[in-house]
$ cat structure28.cif   # mmCIF, C-alpha atoms, pLDDT in the B column; chains and numbers go by the auth columns
data_model
loop_
_atom_site.group_PDB
_atom_site.id
_atom_site.type_symbol
_atom_site.label_atom_id
_atom_site.label_comp_id
_atom_site.label_asym_id
_atom_site.label_seq_id
_atom_site.Cartn_x
_atom_site.Cartn_y
_atom_site.Cartn_z
_atom_site.B_iso_or_equiv
_atom_site.auth_seq_id
_atom_site.auth_asym_id
ATOM 1 C CA MET A 1 0.000 0.000 0.000 66.00 274 A
ATOM 2 C CA MET A 2 1.179 3.525 -0.689 88.00 275 A
ATOM 3 C CA THR A 3 0.266 7.105 0.037 95.00 276 A
ATOM 4 C CA ILE A 4 -0.180 9.732 -2.662 96.00 277 A
ATOM 5 C CA GLU A 5 0.624 13.387 -2.086 97.00 278 A
ATOM 6 C CA LEU A 6 -0.264 16.088 -4.584 97.00 279 A
ATOM 7 C CA ASP A 7 1.470 19.381 -3.819 97.00 280 A
ATOM 8 C CA LYS A 8 0.155 22.497 -5.580 97.00 281 A
ATOM 9 C CA LEU A 9 -0.327 20.526 -8.772 96.00 282 A
ATOM 10 C CA THR A 10 -1.072 22.592 -11.889 97.00 283 A
ATOM 11 C CA ARG A 11 -1.684 21.533 -15.495 96.00 284 A
ATOM 12 C CA HIS A 12 -2.484 24.060 -18.217 94.00 285 A
ATOM 13 C CA TYR A 13 -3.270 22.828 -21.730 93.00 286 A
ATOM 14 C CA PRO A 14 -2.292 24.912 -24.773 90.00 287 A
ATOM 15 C CA ARG A 15 -5.064 27.104 -26.217 86.00 288 A
ATOM 16 C CA CYS A 16 -7.135 26.772 -23.025 85.00 289 A
ATOM 17 C CA LEU A 17 -7.904 29.933 -21.093 87.00 290 A
ATOM 18 C CA ALA A 18 -7.892 28.314 -17.658 89.00 291 A
ATOM 19 C CA PRO A 19 -5.773 25.482 -16.193 92.00 292 A
ATOM 20 C CA ALA A 20 -7.375 22.033 -16.137 94.00 293 A
ATOM 21 C CA VAL A 21 -5.879 21.576 -12.651 96.00 294 A
ATOM 22 C CA ARG A 22 -4.770 24.508 -10.549 95.00 295 A
ATOM 23 C CA GLU A 23 -2.797 24.534 -7.300 96.00 296 A
ATOM 24 C CA LEU A 24 -4.229 21.178 -6.225 97.00 297 A
ATOM 25 C CA SER A 25 -2.947 19.836 -2.899 97.00 298 A
ATOM 26 C CA LEU A 26 -4.370 16.534 -1.709 97.00 299 A
ATOM 27 C CA THR A 27 -3.193 13.468 0.221 97.00 300 A
ATOM 28 C CA VAL A 28 -4.571 9.957 -0.263 97.00 301 A
ATOM 29 C CA ALA A 29 -3.828 7.624 2.638 96.00 302 A
ATOM 30 C CA ALA A 30 -2.430 4.130 2.135 96.00 303 A
ATOM 31 C CA GLY A 31 -5.259 1.667 1.500 95.00 304 A
ATOM 32 C CA GLU A 32 -7.854 4.411 1.107 97.00 305 A
ATOM 33 C CA LEU A 33 -10.460 4.625 -1.641 97.00 306 A
ATOM 34 C CA LEU A 34 -10.839 8.280 -2.508 97.00 307 A
ATOM 35 C CA ALA A 35 -13.383 9.503 -5.043 97.00 308 A
ATOM 36 C CA LEU A 36 -12.704 12.517 -7.224 97.00 309 A
ATOM 37 C CA LEU A 37 -16.174 13.958 -7.773 96.00 310 A
ATOM 38 C CA GLY A 38 -17.235 16.809 -9.982 92.00 311 A
ATOM 39 C CA PRO A 39 -18.745 17.871 -13.310 91.00 312 A
ATOM 40 C CA SER A 40 -17.198 17.116 -16.664 88.00 313 A
ATOM 41 C CA GLY A 41 -14.237 19.354 -17.398 86.00 314 A
ATOM 42 C CA GLY A 42 -13.432 19.796 -13.725 89.00 315 A
ATOM 43 C CA GLY A 43 -9.949 18.261 -13.959 93.00 316 A
ATOM 44 C CA LYS A 44 -10.651 14.822 -12.492 94.00 317 A
ATOM 45 C CA SER A 45 -9.267 12.707 -15.325 94.00 318 A
ATOM 46 C CA THR A 46 -6.290 15.029 -15.716 96.00 319 A
ATOM 47 C CA VAL A 47 -5.326 14.331 -12.104 96.00 320 A
ATOM 48 C CA LEU A 48 -5.227 10.588 -12.797 96.00 321 A
ATOM 49 C CA LYS A 49 -3.149 11.074 -15.942 95.00 322 A
ATOM 50 C CA LEU A 50 -0.657 13.212 -14.034 96.00 323 A
ATOM 51 C CA ILE A 51 -0.294 10.637 -11.263 96.00 324 A
ATOM 52 C CA ALA A 52 0.015 7.801 -13.774 94.00 325 A
ATOM 53 C CA GLY A 53 2.717 9.651 -15.696 94.00 326 A
ATOM 54 C CA VAL A 54 0.707 9.843 -18.907 93.00 327 A
ATOM 55 C CA GLU A 55 0.986 13.639 -18.671 94.00 328 A
ATOM 56 C CA GLN A 56 3.385 15.936 -16.820 94.00 329 A
ATOM 57 C CA PRO A 57 2.401 18.863 -14.574 96.00 330 A
ATOM 58 C CA ASP A 58 3.422 22.439 -15.331 95.00 331 A
ATOM 59 C CA HIS A 59 3.993 23.110 -11.649 95.00 332 A
ATOM 60 C CA GLY A 60 3.846 21.261 -8.351 97.00 333 A
ATOM 61 C CA ASP A 61 4.903 17.815 -7.218 97.00 334 A
ATOM 62 C CA ILE A 62 3.541 14.277 -7.049 97.00 335 A
ATOM 63 C CA ARG A 63 4.878 12.038 -4.291 96.00 336 A
ATOM 64 C CA ILE A 64 4.122 8.330 -4.116 94.00 337 A
ATOM 65 C CA ALA A 65 5.160 6.582 -0.901 92.00 338 A
ATOM 66 C CA GLY A 66 6.939 9.779 0.131 93.00 339 A
ATOM 67 C CA ARG A 67 9.085 10.122 -3.010 94.00 340 A
ATOM 68 C CA SER A 68 8.640 12.503 -5.913 96.00 341 A
ATOM 69 C CA VAL A 69 7.822 10.687 -9.140 95.00 342 A
ATOM 70 C CA LEU A 70 8.355 13.631 -11.455 94.00 343 A
ATOM 71 C CA GLY A 71 10.541 12.264 -14.225 89.00 344 A
ATOM 72 C CA VAL A 72 9.828 8.640 -13.252 94.00 345 A
ATOM 73 C CA PRO A 73 8.473 6.676 -16.254 94.00 346 A
ATOM 74 C CA ALA A 74 4.847 5.590 -16.042 92.00 347 A
ATOM 75 C CA HIS A 75 5.713 1.866 -15.956 88.00 348 A
ATOM 76 C CA ARG A 76 7.868 2.360 -12.847 91.00 349 A
ATOM 77 C CA ARG A 77 5.307 4.197 -10.704 92.00 350 A
ATOM 78 C CA GLY A 78 3.481 1.100 -9.440 91.00 351 A
ATOM 79 C CA ALA A 79 0.172 2.544 -10.660 93.00 352 A
ATOM 80 C CA VAL A 80 -2.422 1.238 -13.094 93.00 353 A
ATOM 81 C CA LEU A 81 -5.141 3.275 -14.814 92.00 354 A
ATOM 82 C CA MET A 82 -8.471 1.749 -15.866 90.00 355 A
ATOM 83 C CA PHE A 83 -10.782 3.656 -18.203 87.00 356 A
ATOM 84 C CA GLN A 84 -14.508 3.921 -18.889 84.00 357 A
ATOM 85 C CA LYS A 85 -14.190 1.410 -21.735 85.00 358 A
ATOM 86 C CA ALA A 86 -12.657 -1.991 -21.082 88.00 359 A
ATOM 87 C CA TYR A 87 -10.314 -1.800 -24.109 92.00 360 A
ATOM 88 C CA LEU A 88 -9.848 -5.571 -24.212 95.00 361 A
ATOM 89 C CA PHE A 89 -7.827 -6.951 -27.111 95.00 362 A
ATOM 90 C CA PRO A 90 -10.471 -8.465 -29.440 96.00 363 A
ATOM 91 C CA PHE A 91 -7.937 -10.906 -30.925 96.00 364 A
ATOM 92 C CA LEU A 92 -7.063 -12.422 -27.519 97.00 365 A
ATOM 93 C CA ASN A 93 -9.296 -14.598 -25.357 97.00 366 A
ATOM 94 C CA VAL A 94 -10.098 -13.646 -21.777 97.00 367 A
ATOM 95 C CA GLY A 95 -7.194 -15.554 -20.269 97.00 368 A
ATOM 96 C CA ASP A 96 -4.669 -14.013 -22.627 97.00 369 A
ATOM 97 C CA ASN A 97 -6.129 -10.543 -22.085 97.00 370 A
ATOM 98 C CA ILE A 98 -5.796 -10.824 -18.315 97.00 371 A
ATOM 99 C CA GLY A 99 -2.347 -12.408 -18.451 97.00 372 A
ATOM 100 C CA PHE A 100 -0.939 -9.967 -21.003 96.00 373 A
ATOM 101 C CA GLY A 101 0.944 -7.851 -18.463 93.00 374 A
ATOM 102 C CA LEU A 102 2.634 -10.867 -16.899 95.00 375 A
ATOM 103 C CA LYS A 103 3.558 -12.192 -20.341 95.00 376 A
ATOM 104 C CA VAL A 104 5.249 -8.887 -21.167 93.00 377 A
ATOM 105 C CA GLN A 105 7.168 -9.170 -17.888 93.00 378 A
ATOM 106 C CA GLY A 106 8.423 -12.606 -18.943 93.00 379 A
ATOM 107 C CA ALA A 107 6.498 -14.714 -16.444 94.00 380 A
ATOM 108 C CA ARG A 108 6.268 -18.456 -17.039 95.00 381 A
ATOM 109 C CA ARG A 109 3.148 -19.896 -18.644 95.00 382 A
ATOM 110 C CA ALA A 110 2.201 -21.983 -15.620 96.00 383 A
ATOM 111 C CA SER A 111 2.506 -18.940 -13.359 96.00 384 A
ATOM 112 C CA ILE A 112 0.403 -16.841 -15.721 96.00 385 A
ATOM 113 C CA ARG A 113 -2.326 -19.494 -15.870 95.00 386 A
ATOM 114 C CA ALA A 114 -2.446 -19.710 -12.086 97.00 387 A
ATOM 115 C CA GLU A 115 -2.621 -15.931 -11.670 96.00 388 A
ATOM 116 C CA VAL A 116 -5.298 -15.603 -14.357 97.00 389 A
ATOM 117 C CA ALA A 117 -7.418 -18.184 -12.536 97.00 390 A
ATOM 118 C CA ARG A 118 -6.889 -16.339 -9.244 95.00 391 A
ATOM 119 C CA MET A 119 -7.915 -13.015 -10.788 95.00 392 A
ATOM 120 C CA LEU A 120 -11.027 -14.523 -12.352 96.00 393 A
ATOM 121 C CA ASP A 121 -12.008 -15.904 -8.959 94.00 394 A
ATOM 122 C CA LEU A 122 -11.414 -12.450 -7.465 94.00 395 A
ATOM 123 C CA VAL A 123 -13.767 -10.750 -9.949 93.00 396 A
ATOM 124 C CA GLU A 124 -16.256 -13.635 -9.649 93.00 397 A
ATOM 125 C CA LEU A 125 -15.939 -14.896 -13.237 95.00 398 A
ATOM 126 C CA PRO A 126 -14.243 -18.271 -12.750 96.00 399 A
ATOM 127 C CA GLY A 127 -13.614 -20.566 -15.685 95.00 400 A
ATOM 128 C CA ILE A 128 -14.117 -18.156 -18.588 97.00 401 A
ATOM 129 C CA GLU A 129 -10.475 -18.068 -19.727 96.00 402 A
ATOM 130 C CA ARG A 130 -11.273 -19.354 -23.213 96.00 403 A
ATOM 131 C CA ARG A 131 -14.153 -17.004 -23.964 97.00 404 A
ATOM 132 C CA TRP A 132 -13.705 -14.024 -26.286 97.00 405 A
ATOM 133 C CA PRO A 133 -14.398 -10.369 -25.399 97.00 406 A
ATOM 134 C CA SER A 134 -17.223 -10.278 -27.956 96.00 407 A
ATOM 135 C CA GLN A 135 -18.989 -13.021 -25.990 97.00 408 A
ATOM 136 C CA LEU A 136 -19.053 -10.966 -22.786 96.00 409 A
ATOM 137 C CA SER A 137 -21.580 -8.447 -21.510 93.00 410 A
ATOM 138 C CA GLY A 138 -20.454 -4.903 -20.739 91.00 411 A
ATOM 139 C CA GLY A 139 -20.268 -5.667 -17.039 92.00 412 A
ATOM 140 C CA GLU A 140 -18.265 -8.821 -17.639 94.00 413 A
ATOM 141 C CA GLN A 141 -15.838 -6.926 -19.863 94.00 414 A
ATOM 142 C CA GLN A 142 -15.232 -4.397 -17.091 92.00 415 A
ATOM 143 C CA ARG A 143 -14.594 -7.195 -14.602 93.00 416 A
ATOM 144 C CA VAL A 144 -12.060 -8.721 -16.987 95.00 417 A
ATOM 145 C CA ALA A 145 -10.445 -5.298 -17.455 94.00 418 A
ATOM 146 C CA LEU A 146 -10.213 -4.970 -13.675 94.00 419 A
ATOM 147 C CA ALA A 147 -8.605 -8.403 -13.410 95.00 420 A
ATOM 148 C CA ARG A 148 -6.096 -7.424 -16.099 95.00 421 A
ATOM 149 C CA ALA A 149 -5.298 -4.223 -14.213 94.00 422 A
ATOM 150 C CA LEU A 150 -4.706 -6.043 -10.936 95.00 423 A
ATOM 151 C CA ILE A 151 -2.768 -9.102 -12.103 95.00 424 A
ATOM 152 C CA THR A 152 0.633 -7.380 -12.067 93.00 425 A
ATOM 153 C CA GLY A 153 0.183 -6.409 -8.409 92.00 426 A
ATOM 154 C CA PRO A 154 0.039 -2.603 -8.643 93.00 427 A
ATOM 155 C CA LYS A 155 0.218 -0.589 -5.445 91.00 428 A
ATOM 156 C CA LEU A 156 -2.106 2.091 -6.778 94.00 429 A
ATOM 157 C CA LEU A 157 -5.352 1.566 -8.710 95.00 430 A
ATOM 158 C CA MET A 158 -6.950 4.468 -10.588 95.00 431 A
ATOM 159 C CA LEU A 159 -10.427 4.129 -12.066 95.00 432 A
ATOM 160 C CA ASP A 160 -11.645 6.730 -14.566 93.00 433 A
ATOM 161 C CA GLU A 161 -15.453 6.444 -14.549 90.00 434 A
ATOM 162 C CA PRO A 162 -15.300 2.683 -15.173 85.00 435 A
ATOM 163 C CA LEU A 163 -19.046 2.142 -14.679 83.00 436 A
ATOM 164 C CA SER A 164 -20.597 5.140 -16.406 82.00 437 A
ATOM 165 C CA SER A 165 -21.574 3.272 -19.600 76.00 438 A
ATOM 166 C CA LEU A 166 -23.370 0.439 -17.774 81.00 439 A
ATOM 167 C CA ASP A 167 -27.023 0.168 -16.824 82.00 440 A
ATOM 168 C CA THR A 168 -28.113 0.768 -13.240 84.00 441 A
ATOM 169 C CA ALA A 169 -28.383 -2.841 -12.067 85.00 442 A
ATOM 170 C CA VAL A 170 -24.987 -3.808 -13.492 84.00 443 A
ATOM 171 C CA ARG A 171 -23.402 -0.648 -12.071 86.00 444 A
ATOM 172 C CA GLN A 172 -24.615 -1.442 -8.579 87.00 445 A
ATOM 173 C CA THR A 173 -23.299 -4.998 -8.786 88.00 446 A
ATOM 174 C CA LEU A 174 -19.913 -3.793 -9.996 88.00 447 A
ATOM 175 C CA GLN A 175 -19.768 -1.076 -7.342 89.00 448 A
ATOM 176 C CA GLU A 176 -20.088 -3.790 -4.721 89.00 449 A
ATOM 177 C CA ALA A 177 -17.434 -5.875 -6.475 90.00 450 A
ATOM 178 C CA ILE A 178 -14.961 -2.982 -6.686 91.00 451 A
ATOM 179 C CA ARG A 179 -15.406 -2.116 -3.026 92.00 452 A
ATOM 180 C CA ARG A 180 -15.017 -5.741 -1.969 92.00 453 A
ATOM 181 C CA ILE A 181 -11.890 -6.245 -4.061 92.00 454 A
ATOM 182 C CA GLN A 182 -10.363 -2.949 -2.922 93.00 455 A
ATOM 183 C CA ARG A 183 -10.849 -3.866 0.730 92.00 456 A
ATOM 184 C CA GLU A 184 -9.654 -7.437 0.206 91.00 457 A
ATOM 185 C CA LEU A 185 -6.441 -6.310 -1.478 92.00 458 A
ATOM 186 C CA GLY A 186 -5.994 -3.172 0.625 93.00 459 A
ATOM 187 C CA ILE A 187 -4.930 -1.289 -2.494 95.00 460 A
ATOM 188 C CA THR A 188 -4.849 2.511 -2.511 97.00 461 A
ATOM 189 C CA THR A 189 -7.508 3.574 -5.014 96.00 462 A
ATOM 190 C CA LEU A 190 -8.586 6.761 -6.784 97.00 463 A
ATOM 191 C CA LEU A 191 -12.012 6.716 -8.425 96.00 464 A
ATOM 192 C CA VAL A 192 -13.137 9.432 -10.837 95.00 465 A
ATOM 193 C CA THR A 193 -16.898 9.876 -10.988 93.00 466 A
ATOM 194 C CA HIS A 194 -19.525 12.520 -11.633 89.00 467 A
ATOM 195 C CA ASP A 195 -22.145 10.381 -9.865 89.00 468 A
ATOM 196 C CA LEU A 196 -22.808 11.485 -6.288 90.00 469 A
ATOM 197 C CA GLY A 197 -24.448 8.193 -5.352 89.00 470 A
ATOM 198 C CA GLU A 198 -21.416 6.270 -6.580 91.00 471 A
ATOM 199 C CA ALA A 199 -19.053 8.451 -4.549 92.00 472 A
ATOM 200 C CA ILE A 200 -21.153 7.948 -1.425 91.00 473 A
ATOM 201 C CA ALA A 201 -21.424 4.182 -1.961 89.00 474 A
ATOM 202 C CA LEU A 202 -17.755 3.525 -2.659 92.00 475 A
ATOM 203 C CA SER A 203 -15.430 6.078 -1.120 95.00 476 A
ATOM 204 C CA ASP A 204 -13.786 6.437 2.255 96.00 477 A
ATOM 205 C CA ARG A 205 -13.415 10.122 1.417 97.00 478 A
ATOM 206 C CA THR A 206 -14.629 12.266 -1.463 97.00 479 A
ATOM 207 C CA ALA A 207 -12.707 15.166 -2.986 97.00 480 A
ATOM 208 C CA LEU A 208 -14.932 17.666 -4.805 96.00 481 A
ATOM 209 C CA LEU A 209 -13.196 19.259 -7.797 95.00 482 A
ATOM 210 C CA LEU A 210 -14.626 22.384 -9.415 94.00 483 A
ATOM 211 C CA ASP A 211 -12.832 24.119 -12.279 92.00 484 A
ATOM 212 C CA GLY A 212 -9.636 22.290 -11.440 93.00 485 A
ATOM 213 C CA ARG A 213 -9.620 23.361 -7.810 95.00 486 A
ATOM 214 C CA LEU A 214 -10.238 21.348 -4.656 96.00 487 A
ATOM 215 C CA ALA A 215 -13.511 22.690 -3.243 95.00 488 A
ATOM 216 C CA ALA A 216 -13.835 20.219 -0.348 95.00 489 A
ATOM 217 C CA CYS A 217 -12.579 16.850 0.859 96.00 490 A
ATOM 218 C CA ASP A 218 -14.091 14.743 3.628 95.00 491 A
ATOM 219 C CA ARG A 219 -16.017 11.576 4.319 94.00 492 A
ATOM 220 C CA PRO A 220 -19.042 11.552 1.994 90.00 493 A
ATOM 221 C CA GLU A 221 -21.542 11.427 4.843 87.00 494 A
ATOM 222 C CA ARG A 222 -20.105 14.677 6.168 89.00 495 A
ATOM 223 C CA LEU A 223 -20.137 16.389 2.797 86.00 496 A
ATOM 224 C CA PHE A 224 -23.497 15.308 1.451 79.00 497 A
ATOM 225 C CA LEU A 225 -25.715 13.614 4.054 68.00 498 A
#
$ encode --input "structure28.cif" --output "structure tokens"
Amino acid sequence: MMTIELDKLTRHYPRCLAPAVRELSLTVAAGELLALLGPSGGGKSTVLKLIAGVEQPDHGDIRIAGRSVLGVPAHRRGAVLMFQKAYLFPFLNVGDNIGFGLKVQGARRASIRAEVARMLDLVELPGIERRWPSQLSGGEQQRVALARALITGPKLLMLDEPLSSLDTAVRQTLQEAIRRIQRELGITTLLVTHDLGEAIALSDRTALLLDGRLAACDRPERLFL
């Protein structure tokens, strides 16, 4: 588990009048699930990209486990970013999709098979290794994407509105699954959402972002109930 510290983080895109993120200071405790809540265009996704190393800040610092990661390549930050769409490889079956990261790392086939089976048990989809992404429902695809994200053992999980394209019943089921898995693994997690109910249901704390600024941060029951 690791802490995340954002220190006066600022990101300004070219040809934009205002920064996407401005002077953002925020700490995420080890093992915490923190929701970044706010309207579209409020800077939530940009924060995840900056932490992941996909983008670089104009000013400020990002510290993971007490150390600045500015200049550290994305693949060495111990973080994984999961998007709204599952982005599964259509030419690979479920098992190969989930095990892809371990294969790239050079893990042995037997080890990959065992870890794939463990991940499928974790996301409650045992025994579907040989199915194809096209044979899965939207909710099942997101579970497989989550398994693929977790199989390499990241210390930080970042979820960018992973449930927003799903219907209500499936969303609720997956909310419960994400919370269960996060608690079981004890993994520090950042969840981007514009859904107040989702933030209340899932987060230990909720950070409200408005126009790239931190408007408030507290336990959701204190902020909204």
$ atom_distance --input "structure28.cif" --atom1 "atom CA of A:Gly351" --atom2 "atom CA of A:Pro427"
5.1 Å
$ residues_around --input "structure28.cif" --residues "stretch 438-449 of chain A" --least-positions-apart "2" --cutoff "7 Å" --atoms "all atoms listed in the file" --output "PDB file with C-alpha atoms, keeping the file's coordinate frame"
ATOM      1  CA  GLY A 411     -20.454  -4.903 -20.739  1.00 91.00           C
ATOM      2  CA  GLY A 412     -20.268  -5.667 -17.039  1.00 92.00           C
ATOM      3  CA  LEU A 436     -19.046   2.142 -14.679  1.00 83.00           C
ATOM      4  CA  ILE A 451     -14.961  -2.982  -6.686  1.00 91.00           C
ATOM      5  CA  ARG A 452     -15.406  -2.116  -3.026  1.00 92.00           C
ATOM      6  CA  ARG A 453     -15.017  -5.741  -1.969  1.00 92.00           C
ATOM      7  CA  LEU A 475     -17.755   3.525  -2.659  1.00 92.00           C
TER       8      LEU A 475
END
$ residues_around --input "structure28.cif" --residues "A:Gln455" --least-positions-apart "5" --cutoff "12 Å" --atoms "all atoms listed in the file" --output "mmCIF file with C-alpha atoms, in the coordinates of the input"
data_model
loop_
_atom_site.group_PDB
_atom_site.id
_atom_site.type_symbol
_atom_site.label_atom_id
_atom_site.label_comp_id
_atom_site.auth_asym_id
_atom_site.auth_seq_id
_atom_site.Cartn_x
_atom_site.Cartn_y
_atom_site.Cartn_z
ATOM 1 C CA MET A 274 0.000 0.000 0.000
ATOM 2 C CA ALA A 303 -2.430 4.130 2.135
ATOM 3 C CA GLY A 304 -5.259 1.667 1.500
ATOM 4 C CA GLU A 305 -7.854 4.411 1.107
ATOM 5 C CA LEU A 306 -10.460 4.625 -1.641
ATOM 6 C CA LEU A 307 -10.839 8.280 -2.508
ATOM 7 C CA LEU A 395 -11.414 -12.450 -7.465
ATOM 8 C CA VAL A 396 -13.767 -10.750 -9.949
ATOM 9 C CA LEU A 419 -10.213 -4.970 -13.675
ATOM 10 C CA ALA A 420 -8.605 -8.403 -13.410
ATOM 11 C CA LEU A 423 -4.706 -6.043 -10.936
ATOM 12 C CA PRO A 427 0.039 -2.603 -8.643
ATOM 13 C CA LYS A 428 0.218 -0.589 -5.445
ATOM 14 C CA LEU A 429 -2.106 2.091 -6.778
ATOM 15 C CA LEU A 430 -5.352 1.566 -8.710
ATOM 16 C CA MET A 431 -6.950 4.468 -10.588
ATOM 17 C CA LEU A 432 -10.427 4.129 -12.066
ATOM 18 C CA LEU A 447 -19.913 -3.793 -9.996
ATOM 19 C CA GLN A 448 -19.768 -1.076 -7.342
ATOM 20 C CA GLU A 449 -20.088 -3.790 -4.721
ATOM 21 C CA ALA A 450 -17.434 -5.875 -6.475
ATOM 22 C CA ILE A 460 -4.930 -1.289 -2.494
ATOM 23 C CA THR A 461 -4.849 2.511 -2.511
ATOM 24 C CA THR A 462 -7.508 3.574 -5.014
ATOM 25 C CA LEU A 463 -8.586 6.761 -6.784
ATOM 26 C CA LEU A 464 -12.012 6.716 -8.425
ATOM 27 C CA LEU A 475 -17.755 3.525 -2.659
ATOM 28 C CA SER A 476 -15.430 6.078 -1.120
ATOM 29 C CA ASP A 477 -13.786 6.437 2.255
#
$ atom_distance --input "structure28.cif" --atom1 "atom CA of A:Leu309" --atom2 "atom CA of A:Gly326"
17.8 Å
$ closest_residue --input "structure28.cif" --among "A:Thr425, A:Thr319, A:Thr466, A:Gln329" --to "A:His348" --atoms "only C-alpha atoms"
A:Thr425
$ closest_residue --input "structure28.cif" --among "A:Ala390, A:Ala338, A:Ala308, A:Val320" --to "A:Thr276" --atoms "only C-alpha atoms"
A:Ala338
$ resolve_selection --input "structure28.cif" --expression "the PyMOL selection byres ((chain A and resi 473) around 10)" --output "PyMOL selection string"
chain A and resi 308+468-472+474-479+492-494+496-498
$ atom_distance --input "structure28.cif" --atom1 "atom CA of A:Gly379" --atom2 "atom CA of A:Ile424"
13.6 Å
$ residues_around --input "structure28.cif" --residues "A:His285" --least-positions-apart "5" --cutoff "7 Å" --atoms "only C-alpha atoms" --output "PyMOL selection string"
chain A and resi 291-294+331
$ residues_around --input "structure28.cif" --residues "A:Pro406" --least-positions-apart "5" --cutoff "8 Å" --atoms "all atoms listed in the file" --output "MDAnalysis selection string"
chainID A and resid 361:363 365:367 414
$ closest_residue --input "structure28.cif" --among "A:Val327, A:Leu483, A:Leu354, A:Leu458" --to "A:Asp433" --atoms "only C-alpha atoms"
A:Leu354
$ axis_aligned_box --input "structure28.cif" --around "stretch 484-497 of chain A" --padding-each-side "5 Å" --output "AutoDock Vina command-line options"
--center_x -16.6 --center_y 17.8 --center_z -3.1 --size_x 23.9 --size_y 22.7 --size_z 28.4
$ closest_residue --input "structure28.cif" --among "A:Lys358, A:Arg391, A:Arg349, A:Arg284" --to "A:Glu328" --atoms "only C-alpha atoms"
A:Arg284
$ residues_around --input "structure28.cif" --residues "A:His332" --least-positions-apart "4" --cutoff "9 Å" --atoms "all atoms listed in the file" --output "list of chain:residue names"
A:Lys281, A:Leu282, A:Thr283, A:Arg284, A:Arg295, A:Glu296
$ residues_near_point --input "structure28.cif" --point "(-3.1, -10.7, -13.2)" --cutoff "10 Å" --atoms "all atoms listed in the file" --output "NGL selection string"
:A and (368 or 370-376 or 384-393 or 417 or 419-427)
$ resolve_selection --input "structure28.cif" --expression "the PyMOL selection byres ((chain A and resi 279) around 12)" --output "MDAnalysis selection string"
chainID A and resid 276:278 280:283 294:302 320:321 323:324 330 332:343 487
$ closest_residue --input "structure28.cif" --among "A:Gln378, A:Ser407, A:Ser313, A:Gln415" --to "A:Pro435" --atoms "all atoms listed in the file"
A:Gln415
$ decode --input "structure28.cif" --residues "stretch 478-482 of chain A" --atoms "all heavy atoms" --output "PDB file, in the first residue's frame"
ATOM      1  N   ARG A 478     -13.299   8.674   1.467  1.00  0.00           N
ATOM      2  CA  ARG A 478     -13.415  10.122   1.417  1.00  0.00           C
ATOM      3  C   ARG A 478     -13.711  10.543  -0.015  1.00  0.00           C
ATOM      4  O   ARG A 478     -13.379   9.835  -0.955  1.00  0.00           O
ATOM      5  CB  ARG A 478     -12.130  10.811   1.888  1.00  0.00           C
ATOM      6  CG  ARG A 478     -11.871  10.749   3.385  1.00  0.00           C
ATOM      7  CD  ARG A 478     -10.696  11.647   3.758  1.00  0.00           C
ATOM      8  NE  ARG A 478      -9.494  11.286   3.005  1.00  0.00           N
ATOM      9  CZ  ARG A 478      -8.577  12.156   2.615  1.00  0.00           C
ATOM     10  NH1 ARG A 478      -8.717  13.460   2.858  1.00  0.00           N
ATOM     11  NH2 ARG A 478      -7.492  11.739   1.947  1.00  0.00           N
ATOM     12  N   THR A 479     -14.318  11.713  -0.150  1.00  0.00           N
ATOM     13  CA  THR A 479     -14.629  12.266  -1.463  1.00  0.00           C
ATOM     14  C   THR A 479     -14.012  13.646  -1.581  1.00  0.00           C
ATOM     15  O   THR A 479     -14.182  14.485  -0.697  1.00  0.00           O
ATOM     16  CB  THR A 479     -16.149  12.354  -1.686  1.00  0.00           C
ATOM     17  OG1 THR A 479     -16.710  11.046  -1.668  1.00  0.00           O
ATOM     18  CG2 THR A 479     -16.472  13.020  -3.009  1.00  0.00           C
ATOM     19  N   ALA A 480     -13.272  13.856  -2.689  1.00  0.00           N
ATOM     20  CA  ALA A 480     -12.707  15.166  -2.986  1.00  0.00           C
ATOM     21  C   ALA A 480     -13.544  15.796  -4.092  1.00  0.00           C
ATOM     22  O   ALA A 480     -13.692  15.209  -5.172  1.00  0.00           O
ATOM     23  CB  ALA A 480     -11.250  15.044  -3.425  1.00  0.00           C
ATOM     24  N   LEU A 481     -14.096  16.963  -3.845  1.00  0.00           N
ATOM     25  CA  LEU A 481     -14.932  17.666  -4.805  1.00  0.00           C
ATOM     26  C   LEU A 481     -14.068  18.636  -5.601  1.00  0.00           C
ATOM     27  O   LEU A 481     -13.462  19.552  -5.038  1.00  0.00           O
ATOM     28  CB  LEU A 481     -16.051  18.413  -4.076  1.00  0.00           C
ATOM     29  CG  LEU A 481     -17.027  19.211  -4.947  1.00  0.00           C
ATOM     30  CD1 LEU A 481     -17.759  18.289  -5.912  1.00  0.00           C
ATOM     31  CD2 LEU A 481     -18.024  19.967  -4.068  1.00  0.00           C
ATOM     32  N   LEU A 482     -13.983  18.401  -6.921  1.00  0.00           N
ATOM     33  CA  LEU A 482     -13.196  19.259  -7.797  1.00  0.00           C
ATOM     34  C   LEU A 482     -14.116  20.125  -8.642  1.00  0.00           C
ATOM     35  O   LEU A 482     -15.015  19.617  -9.318  1.00  0.00           O
ATOM     36  CB  LEU A 482     -12.304  18.427  -8.726  1.00  0.00           C
ATOM     37  CG  LEU A 482     -11.187  17.594  -8.105  1.00  0.00           C
ATOM     38  CD1 LEU A 482     -10.304  17.016  -9.203  1.00  0.00           C
ATOM     39  CD2 LEU A 482     -10.351  18.416  -7.157  1.00  0.00           C
TER      40      LEU A 482
END
